[in-house]
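Working notes, beginning with the structure itself.
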Amino acid sequence: MPLEPGVQAPDFEAEAHDGSVVRLSDYRGRIVVLYFYPRAFTSGCTREAERFNQLLDEFEKHGAIVIGVSPDTKERAARFAEKLGLRFRLIPDPDLKIIRLYRVERRTRSGRLGAERVTYIIGPDGVIKAVLRNVRPAEKHADLALEEVKRIAGSPS
């Protein structure tokens with residue numbers, strides 16, 4: 001089961017698809033939308049990433065940053081970001097370290113280990129404020145996450 005609201009978000013450090021280093025603790029004081037997705041280039045994950053990208057200006061307007069995490073390799077994540085023109089960072093997690101840290105590991109139909117579709121909205125204090133899990137359709141994660149960001153930021157919807 002994923003982590004629950006009210007829990008301190010576990011800190012991590014990882015290399016993003018663009019080679020930059022991402023440390024969750026570097027974003028203390030900001031709202032972080034940390035979304036986990038099963039696999040780049042699948043239809044649901046593509047629609048979800050595109051929707052986060054479409055709404056990115058709105059997230060940023062409310063002081064939020066968006067980060068995507070998947071069990072993909074760095075090369076696959078980089079190709080995915082480039083193909084979709086993503087303006088936020090993706091963290092490839094083929095060793096499932098962050099995926100396990102956030103308790104979103106699951107076994108796929110093919111039997112390999114991967115990530116469940118879960119979005120965490122982390123407050124400026126580093127505490128998980130909301131958890132969105134397996135929302136359908138996948139792209140709705142972005143819209144619901146934006147609603148939570150606005151609520152946390154105290155902005156009108």
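By order in the structure tokens, chains are A, B, ...; within a chain, residues start at 1; ligands start at 1, following the order shown.
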
Do a neighbour search on Leu55 of chain A at 8 Å with only C-alpha atoms, toss out local chain neighbours closer than 6 positions, and write the hits as a PyMOL selection string.
chain A and resi 142-143+146

Residue contacts of segment 63-67 of chain A (12 Å, only C-alpha atoms) excluding same-chain residues fewer than 4 positions away, as a PDB file with N, CA and C atoms, in the first residue's frame:
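Done, and the output landed in part_6.pdb:
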ATOM      1  N   ALA A  14      18.443  11.337  -6.869  1.00  0.00           N
ATOM      2  CA  ALA A  14      18.502  10.501  -8.065  1.00  0.00           C
ATOM      3  C   ALA A  14      18.861  11.354  -9.274  1.00  0.00           C
ATOM      4  N   GLU A  15      19.354  10.688 -10.299  1.00  0.00           N
ATOM      5  CA  GLU A  15      19.674  11.375 -11.544  1.00  0.00           C
ATOM      6  C   GLU A  15      18.446  11.361 -12.449  1.00  0.00           C
ATOM      7  N   ALA A  16      18.076  12.527 -12.948  1.00  0.00           N
ATOM      8  CA  ALA A  16      16.925  12.659 -13.839  1.00  0.00           C
ATOM      9  C   ALA A  16      17.319  12.288 -15.277  1.00  0.00           C
ATOM     10  N   HIS A  17      16.325  12.223 -16.129  1.00  0.00           N
ATOM     11  CA  HIS A  17      16.549  11.838 -17.524  1.00  0.00           C
ATOM     12  C   HIS A  17      17.516  12.767 -18.248  1.00  0.00           C
ATOM     13  N   VAL A  22      18.326  15.252  -8.781  1.00  0.00           N
ATOM     14  CA  VAL A  22      17.105  15.678  -8.101  1.00  0.00           C
ATOM     15  C   VAL A  22      17.167  15.178  -6.665  1.00  0.00           C
ATOM     16  N   ARG A  23      17.045  16.119  -5.727  1.00  0.00           N
ATOM     17  CA  ARG A  23      16.943  15.791  -4.301  1.00  0.00           C
ATOM     18  C   ARG A  23      15.611  16.354  -3.835  1.00  0.00           C
ATOM     19  N   LEU A  24      14.770  15.503  -3.288  1.00  0.00           N
ATOM     20  CA  LEU A  24      13.470  15.980  -2.825  1.00  0.00           C
ATOM     21  C   LEU A  24      13.638  17.114  -1.818  1.00  0.00           C
ATOM     22  N   ASP A  26      15.639  19.445  -1.709  1.00  0.00           N
ATOM     23  CA  ASP A  26      15.930  20.732  -2.340  1.00  0.00           C
ATOM     24  C   ASP A  26      14.657  21.535  -2.603  1.00  0.00           C
ATOM     25  N   TYR A  27      13.518  20.873  -2.581  1.00  0.00           N
ATOM     26  CA  TYR A  27      12.245  21.537  -2.888  1.00  0.00           C
ATOM     27  C   TYR A  27      11.437  21.858  -1.636  1.00  0.00           C
ATOM     28  N   ARG A  28      12.046  21.751  -0.467  1.00  0.00           N
ATOM     29  CA  ARG A  28      11.374  22.139   0.768  1.00  0.00           C
ATOM     30  C   ARG A  28      10.952  23.588   0.619  1.00  0.00           C
ATOM     31  N   GLY A  29       9.737  23.890   1.004  1.00  0.00           N
ATOM     32  CA  GLY A  29       9.211  25.240   0.828  1.00  0.00           C
ATOM     33  C   GLY A  29       8.340  25.365  -0.407  1.00  0.00           C
ATOM     34  N   ARG A  30       8.340  24.323  -1.238  1.00  0.00           N
ATOM     35  CA  ARG A  30       7.491  24.296  -2.429  1.00  0.00           C
ATOM     36  C   ARG A  30       6.588  23.071  -2.380  1.00  0.00           C
ATOM     37  N   ILE A  31       5.536  23.116  -3.137  1.00  0.00           N
ATOM     38  CA  ILE A  31       4.663  21.946  -3.282  1.00  0.00           C
ATOM     39  C   ILE A  31       5.273  21.066  -4.369  1.00  0.00           C
ATOM     40  N   VAL A  32       5.349  19.770  -4.106  1.00  0.00           N
ATOM     41  CA  VAL A  32       5.906  18.827  -5.072  1.00  0.00           C
ATOM     42  C   VAL A  32       4.821  17.829  -5.479  1.00  0.00           C
ATOM     43  N   VAL A  33       4.632  17.693  -6.777  1.00  0.00           N
ATOM     44  CA  VAL A  33       3.758  16.658  -7.318  1.00  0.00           C
ATOM     45  C   VAL A  33       4.692  15.565  -7.812  1.00  0.00           C
ATOM     46  N   LEU A  34       4.725  14.464  -7.085  1.00  0.00           N
ATOM     47  CA  LEU A  34       5.602  13.340  -7.389  1.00  0.00           C
ATOM     48  C   LEU A  34       4.715  12.218  -7.906  1.00  0.00           C
ATOM     49  N   TYR A  35       4.803  11.986  -9.218  1.00  0.00           N
ATOM     50  CA  TYR A  35       3.914  10.961  -9.760  1.00  0.00           C
ATOM     51  C   TYR A  35       4.694   9.768 -10.284  1.00  0.00           C
ATOM     52  N   PHE A  36       4.181   8.610  -9.961  1.00  0.00           N
ATOM     53  CA  PHE A  36       4.772   7.337 -10.371  1.00  0.00           C
ATOM     54  C   PHE A  36       3.922   6.758 -11.491  1.00  0.00           C
ATOM     55  N   TYR A  37       4.583   6.276 -12.527  1.00  0.00           N
ATOM     56  CA  TYR A  37       3.862   5.693 -13.661  1.00  0.00           C
ATOM     57  C   TYR A  37       4.538   4.386 -14.068  1.00  0.00           C
ATOM     58  N   ALA A  49       1.478  11.849 -18.963  1.00  0.00           N
ATOM     59  CA  ALA A  49       2.612  12.776 -19.069  1.00  0.00           C
ATOM     60  C   ALA A  49       2.241  13.997 -19.903  1.00  0.00           C
ATOM     61  N   ARG A  51      -0.681  15.316 -20.208  1.00  0.00           N
ATOM     62  CA  ARG A  51      -1.583  16.177 -19.441  1.00  0.00           C
ATOM     63  C   ARG A  51      -0.817  16.962 -18.369  1.00  0.00           C
ATOM     64  N   PHE A  52       0.123  16.323 -17.676  1.00  0.00           N
ATOM     65  CA  PHE A  52       0.949  17.054 -16.715  1.00  0.00           C
ATOM     66  C   PHE A  52       1.692  18.185 -17.440  1.00  0.00           C
ATOM     67  N   ASN A  53       2.184  17.900 -18.645  1.00  0.00           N
ATOM     68  CA  ASN A  53       2.906  18.907 -19.419  1.00  0.00           C
ATOM     69  C   ASN A  53       1.987  20.065 -19.812  1.00  0.00           C
ATOM     70  N   GLN A  54       0.760  19.743 -20.218  1.00  0.00           N
ATOM     71  CA  GLN A  54      -0.217  20.780 -20.590  1.00  0.00           C
ATOM     72  C   GLN A  54      -0.531  21.697 -19.409  1.00  0.00           C
ATOM     73  N   LEU A  55      -0.584  21.128 -18.219  1.00  0.00           N
ATOM     74  CA  LEU A  55      -0.957  21.888 -17.019  1.00  0.00           C
ATOM     75  C   LEU A  55       0.242  22.460 -16.263  1.00  0.00           C
ATOM     76  N   LEU A  56       1.443  22.264 -16.775  1.00  0.00           N
ATOM     77  CA  LEU A  56       2.647  22.637 -16.031  1.00  0.00           C
ATOM     78  C   LEU A  56       2.671  24.112 -15.637  1.00  0.00           C
ATOM     79  N   ASP A  57       2.266  24.997 -16.531  1.00  0.00           N
ATOM     80  CA  ASP A  57       2.255  26.427 -16.190  1.00  0.00           C
ATOM     81  C   ASP A  57       1.335  26.703 -15.004  1.00  0.00           C
ATOM     82  N   GLU A  58       0.193  26.017 -14.960  1.00  0.00           N
ATOM     83  CA  GLU A  58      -0.750  26.178 -13.840  1.00  0.00           C
ATOM     84  C   GLU A  58      -0.127  25.677 -12.535  1.00  0.00           C
ATOM     85  N   PHE A  59       0.528  24.509 -12.595  1.00  0.00           N
ATOM     86  CA  PHE A  59       1.202  23.993 -11.398  1.00  0.00           C
ATOM     87  C   PHE A  59       2.222  25.017 -10.901  1.00  0.00           C
ATOM     88  N   ALA A  81      10.714  11.725 -22.734  1.00  0.00           N
ATOM     89  CA  ALA A  81      10.648  13.172 -22.480  1.00  0.00           C
ATOM     90  C   ALA A  81      10.865  13.962 -23.766  1.00  0.00           C
ATOM     91  N   LEU A  86       8.459  17.063 -22.971  1.00  0.00           N
ATOM     92  CA  LEU A  86       8.146  17.304 -21.561  1.00  0.00           C
ATOM     93  C   LEU A  86       9.041  18.402 -20.991  1.00  0.00           C
ATOM     94  N   ARG A  87       8.436  19.280 -20.209  1.00  0.00           N
ATOM     95  CA  ARG A  87       9.145  20.413 -19.614  1.00  0.00           C
ATOM     96  C   ARG A  87       9.430  20.186 -18.140  1.00  0.00           C
ATOM     97  N   PHE A  88       9.190  18.982 -17.658  1.00  0.00           N
ATOM     98  CA  PHE A  88       9.505  18.640 -16.267  1.00  0.00           C
ATOM     99  C   PHE A  88      10.406  17.419 -16.294  1.00  0.00           C
ATOM    100  N   ARG A  89      11.002  17.126 -15.148  1.00  0.00           N
ATOM    101  CA  ARG A  89      11.973  16.038 -15.101  1.00  0.00           C
ATOM    102  C   ARG A  89      11.329  14.691 -14.799  1.00  0.00           C
ATOM    103  N   LEU A  90      11.898  13.686 -15.441  1.00  0.00           N
ATOM    104  CA  LEU A  90      11.536  12.298 -15.186  1.00  0.00           C
ATOM    105  C   LEU A  90      12.715  11.635 -14.498  1.00  0.00           C
ATOM    106  N   ILE A  91      12.415  10.818 -13.510  1.00  0.00           N
ATOM    107  CA  ILE A  91      13.469  10.075 -12.819  1.00  0.00           C
ATOM    108  C   ILE A  91      13.341   8.603 -13.181  1.00  0.00           C
ATOM    109  N   PRO A  92      14.331   8.081 -13.892  1.00  0.00           N
ATOM    110  CA  PRO A  92      14.334   6.643 -14.162  1.00  0.00           C
ATOM    111  C   PRO A  92      14.758   5.905 -12.888  1.00  0.00           C
ATOM    112  N   THR A 119       0.060   9.170  -7.507  1.00  0.00           N
ATOM    113  CA  THR A 119       0.547  10.546  -7.465  1.00  0.00           C
ATOM    114  C   THR A 119       0.500  11.042  -6.021  1.00  0.00           C
ATOM    115  N   TYR A 120       1.642  11.536  -5.550  1.00  0.00           N
ATOM    116  CA  TYR A 120       1.738  12.128  -4.217  1.00  0.00           C
ATOM    117  C   TYR A 120       1.801  13.639  -4.367  1.00  0.00           C
ATOM    118  N   ILE A 121       1.025  14.345  -3.567  1.00  0.00           N
ATOM    119  CA  ILE A 121       1.140  15.790  -3.486  1.00  0.00           C
ATOM    120  C   ILE A 121       1.759  16.080  -2.126  1.00  0.00           C
ATOM    121  N   ILE A 122       2.975  16.635  -2.171  1.00  0.00           N
ATOM    122  CA  ILE A 122       3.779  16.870  -0.972  1.00  0.00           C
ATOM    123  C   ILE A 122       3.782  18.366  -0.677  1.00  0.00           C
ATOM    124  N   GLY A 123       3.436  18.718   0.547  1.00  0.00           N
ATOM    125  CA  GLY A 123       3.363  20.122   0.937  1.00  0.00           C
ATOM    126  C   GLY A 123       4.727  20.759   1.110  1.00  0.00           C
ATOM    127  N   PRO A 124       4.758  22.083   1.245  1.00  0.00           N
ATOM    128  CA  PRO A 124       6.014  22.808   1.439  1.00  0.00           C
ATOM    129  C   PRO A 124       6.791  22.335   2.675  1.00  0.00           C
ATOM    130  N   HIS A 141      -5.063  12.046 -13.322  1.00  0.00           N
ATOM    131  CA  HIS A 141      -4.145  12.272 -12.198  1.00  0.00           C
ATOM    132  C   HIS A 141      -3.668  13.723 -12.192  1.00  0.00           C
ATOM    133  N   ALA A 142      -3.364  14.264 -13.371  1.00  0.00           N
ATOM    134  CA  ALA A 142      -2.844  15.631 -13.461  1.00  0.00           C
ATOM    135  C   ALA A 142      -3.898  16.646 -13.028  1.00  0.00           C
ATOM    136  N   ALA A 145      -4.459  16.339  -9.280  1.00  0.00           N
ATOM    137  CA  ALA A 145      -3.280  16.847  -8.576  1.00  0.00           C
ATOM    138  C   ALA A 145      -3.293  18.375  -8.563  1.00  0.00           C
ATOM    139  N   LEU A 146      -3.694  18.991  -9.677  1.00  0.00           N
ATOM    140  CA  LEU A 146      -3.753  20.447  -9.732  1.00  0.00           C
ATOM    141  C   LEU A 146      -4.786  20.990  -8.738  1.00  0.00           C
ATOM    142  N   GLU A 147      -5.922  20.304  -8.616  1.00  0.00           N
ATOM    143  CA  GLU A 147      -6.928  20.715  -7.619  1.00  0.00           C
ATOM    144  C   GLU A 147      -6.329  20.693  -6.212  1.00  0.00           C
ATOM    145  N   GLU A 148      -5.584  19.639  -5.895  1.00  0.00           N
ATOM    146  CA  GLU A 148      -4.953  19.523  -4.572  1.00  0.00           C
ATOM    147  C   GLU A 148      -3.903  20.613  -4.375  1.00  0.00           C
ATOM    148  N   VAL A 149      -3.125  20.892  -5.400  1.00  0.00           N
ATOM    149  CA  VAL A 149      -2.101  21.944  -5.319  1.00  0.00           C
ATOM    150  C   VAL A 149      -2.770  23.279  -5.017  1.00  0.00           C
ATOM    151  N   LYS A 150      -3.842  23.572  -5.711  1.00  0.00           N
ATOM    152  CA  LYS A 150      -4.558  24.839  -5.479  1.00  0.00           C
ATOM    153  C   LYS A 150      -5.092  24.899  -4.046  1.00  0.00           C
ATOM    154  N   ARG A 151      -5.590  23.775  -3.557  1.00  0.00           N
ATOM    155  CA  ARG A 151      -6.120  23.729  -2.186  1.00  0.00           C
ATOM    156  C   ARG A 151      -4.990  24.000  -1.183  1.00  0.00           C
ATOM    157  N   ILE A 152      -3.860  23.349  -1.371  1.00  0.00           N
ATOM    158  CA  ILE A 152      -2.716  23.518  -0.469  1.00  0.00           C
ATOM    159  C   ILE A 152      -2.182  24.942  -0.529  1.00  0.00           C
ATOM    160  N   ALA A 153      -2.143  25.487  -1.744  1.00  0.00           N
ATOM    161  CA  ALA A 153      -1.605  26.836  -1.943  1.00  0.00           C
ATOM    162  C   ALA A 153      -2.596  27.911  -1.470  1.00  0.00           C
ATOM    163  N   GLY A 154      -3.836  27.489  -1.185  1.00  0.00           N
ATOM    164  CA  GLY A 154      -4.851  28.451  -0.765  1.00  0.00           C
ATOM    165  C   GLY A 154      -5.368  29.302  -1.892  1.00  0.00           C
ATOM    166  N   SER A 155      -5.269  28.753  -3.109  1.00  0.00           N
ATOM    167  CA  SER A 155      -5.718  29.482  -4.299  1.00  0.00           C
ATOM    168  C   SER A 155      -7.139  29.077  -4.658  1.00  0.00           C
TER     169      SER A 155
END

Using DSSP on the backbone coordinates, identify the residues of chain A assigned to strand (DSSP E); present them as a VMD selection string.
chain A and resid 13 to 15 21 to 23 31 to 36 64 to 70 89 to 92 105 to 107 113 to 115 118 to 122 128 to 133

Now that the selection is made, can you save its residues with N, CA and C atoms as a compact mmCIF listing (two decimals), in the first residue's frame?
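Saved result, result.txt, follows:
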# COMPACT_ATOMS: atom_id res chain seq x y z
N GLU A 13 17.67 11.05 -3.52
CA GLU A 13 18.53 11.73 -4.48
C GLU A 13 18.67 10.80 -5.66
N ALA A 14 18.44 11.34 -6.87
CA ALA A 14 18.50 10.50 -8.07
C ALA A 14 18.86 11.35 -9.27
N GLU A 15 19.35 10.69 -10.30
CA GLU A 15 19.67 11.38 -11.54
C GLU A 15 18.45 11.36 -12.45
N VAL A 21 20.70 16.25 -11.10
CA VAL A 21 20.46 15.53 -9.85
C VAL A 21 19.23 16.13 -9.18
N VAL A 22 18.33 15.25 -8.78
CA VAL A 22 17.10 15.68 -8.10
C VAL A 22 17.17 15.18 -6.66
N ARG A 23 17.05 16.12 -5.73
CA ARG A 23 16.94 15.79 -4.30
C ARG A 23 15.61 16.35 -3.84
N ILE A 31 5.54 23.12 -3.14
CA ILE A 31 4.66 21.95 -3.28
C ILE A 31 5.27 21.07 -4.37
N VAL A 32 5.35 19.77 -4.11
CA VAL A 32 5.91 18.83 -5.07
C VAL A 32 4.82 17.83 -5.48
N VAL A 33 4.63 17.69 -6.78
CA VAL A 33 3.76 16.66 -7.32
C VAL A 33 4.69 15.57 -7.81
N LEU A 34 4.72 14.46 -7.08
CA LEU A 34 5.60 13.34 -7.39
C LEU A 34 4.72 12.22 -7.91
N TYR A 35 4.80 11.99 -9.22
CA TYR A 35 3.91 10.96 -9.76
C TYR A 35 4.69 9.77 -10.28
N PHE A 36 4.18 8.61 -9.96
CA PHE A 36 4.77 7.34 -10.37
C PHE A 36 3.92 6.76 -11.49
N ALA A 64 4.11 24.96 -7.50
CA ALA A 64 4.38 23.51 -7.47
C ALA A 64 5.37 23.11 -8.56
N ILE A 65 6.07 22.03 -8.27
CA ILE A 65 6.98 21.41 -9.23
C ILE A 65 6.45 20.01 -9.50
N VAL A 66 6.60 19.52 -10.72
CA VAL A 66 6.15 18.18 -11.11
C VAL A 66 7.37 17.33 -11.42
N ILE A 67 7.38 16.12 -10.88
CA ILE A 67 8.44 15.15 -11.13
C ILE A 67 7.78 13.80 -11.38
N GLY A 68 8.18 13.12 -12.46
CA GLY A 68 7.67 11.78 -12.76
C GLY A 68 8.71 10.73 -12.47
N VAL A 69 8.28 9.58 -11.95
CA VAL A 69 9.20 8.47 -11.63
C VAL A 69 8.65 7.19 -12.24
N SER A 70 9.52 6.42 -12.90
CA SER A 70 9.12 5.14 -13.46
C SER A 70 10.28 4.14 -13.37
N ARG A 89 11.00 17.13 -15.15
CA ARG A 89 11.97 16.04 -15.10
C ARG A 89 11.33 14.69 -14.80
N LEU A 90 11.90 13.69 -15.44
CA LEU A 90 11.54 12.30 -15.19
C LEU A 90 12.71 11.64 -14.50
N ILE A 91 12.41 10.82 -13.51
CA ILE A 91 13.47 10.08 -12.82
C ILE A 91 13.34 8.60 -13.18
N PRO A 92 14.33 8.08 -13.89
CA PRO A 92 14.33 6.64 -14.16
C PRO A 92 14.76 5.91 -12.89
N GLU A 105 5.48 -0.31 -5.48
CA GLU A 105 5.96 -1.43 -6.29
C GLU A 105 4.80 -2.39 -6.56
N ARG A 106 4.76 -2.88 -7.79
CA ARG A 106 3.75 -3.90 -8.13
C ARG A 106 4.31 -4.80 -9.22
N ARG A 107 3.72 -5.97 -9.31
CA ARG A 107 4.11 -6.92 -10.35
C ARG A 107 3.19 -6.71 -11.56
N LEU A 113 8.69 -6.69 -12.11
CA LEU A 113 8.37 -5.70 -11.08
C LEU A 113 8.35 -4.32 -11.71
N GLY A 114 7.41 -3.51 -11.27
CA GLY A 114 7.28 -2.16 -11.80
C GLY A 114 6.66 -1.24 -10.77
N ALA A 115 6.01 -0.19 -11.28
CA ALA A 115 5.40 0.81 -10.41
C ALA A 115 3.90 0.88 -10.64
N VAL A 118 0.55 6.04 -9.06
CA VAL A 118 0.22 6.77 -7.83
C VAL A 118 0.82 8.18 -7.92
N THR A 119 0.06 9.17 -7.51
CA THR A 119 0.55 10.55 -7.46
C THR A 119 0.50 11.04 -6.02
N TYR A 120 1.64 11.54 -5.55
CA TYR A 120 1.74 12.13 -4.22
C TYR A 120 1.80 13.64 -4.37
N ILE A 121 1.03 14.35 -3.57
CA ILE A 121 1.14 15.79 -3.49
C ILE A 121 1.76 16.08 -2.13
N ILE A 122 2.97 16.64 -2.17
CA ILE A 122 3.78 16.87 -0.97
C ILE A 122 3.78 18.37 -0.68
N ILE A 128 3.30 14.53 3.11
CA ILE A 128 2.36 14.12 2.06
C ILE A 128 0.98 14.64 2.42
N LYS A 129 0.41 15.44 1.53
CA LYS A 129 -0.91 16.04 1.76
C LYS A 129 -2.03 15.26 1.10
N ALA A 130 -1.74 14.61 -0.03
CA ALA A 130 -2.77 13.86 -0.75
C ALA A 130 -2.11 12.74 -1.54
N VAL A 131 -2.87 11.66 -1.75
CA VAL A 131 -2.40 10.52 -2.54
C VAL A 131 -3.50 10.16 -3.53
N LEU A 132 -3.16 10.14 -4.80
CA LEU A 132 -4.09 9.73 -5.85
C LEU A 132 -3.60 8.39 -6.37
N ARG A 133 -4.49 7.42 -6.39
CA ARG A 133 -4.07 6.06 -6.73
C ARG A 133 -4.96 5.46 -7.81

Neighbour list for Leu101 of chain A as a PyMOL selection string, cut-off 12 Å, only C-alpha atoms, skip fewer than 3 positions in-chain:
chain A and resi 1-3+8-13+36+69+93+95-98+104-105+115

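Separating atom CA of Arg47 of chain A from atom CA of Asn134 of chain A is a distance of 13.9 Å.
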
Record the distance separating atom CA of Glu75 of chain A and atom CA of Arg112 of chain A, expressed in Å with one decimal.
19.0 Å

Using DSSP secondary structure from the backbone, list all helix (DSSP H, G or I) positions within chain A, as number ranges by chain.
A: 24-27, 43-54, 56-61, 74-84, 97-101, 140-153

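Shortest separation to Gly19 of chain A among A:Pro38, A:Arg117, A:Thr46, A:Ala77 occurs at residue A:Ala77, atoms counted being only C-alpha atoms.
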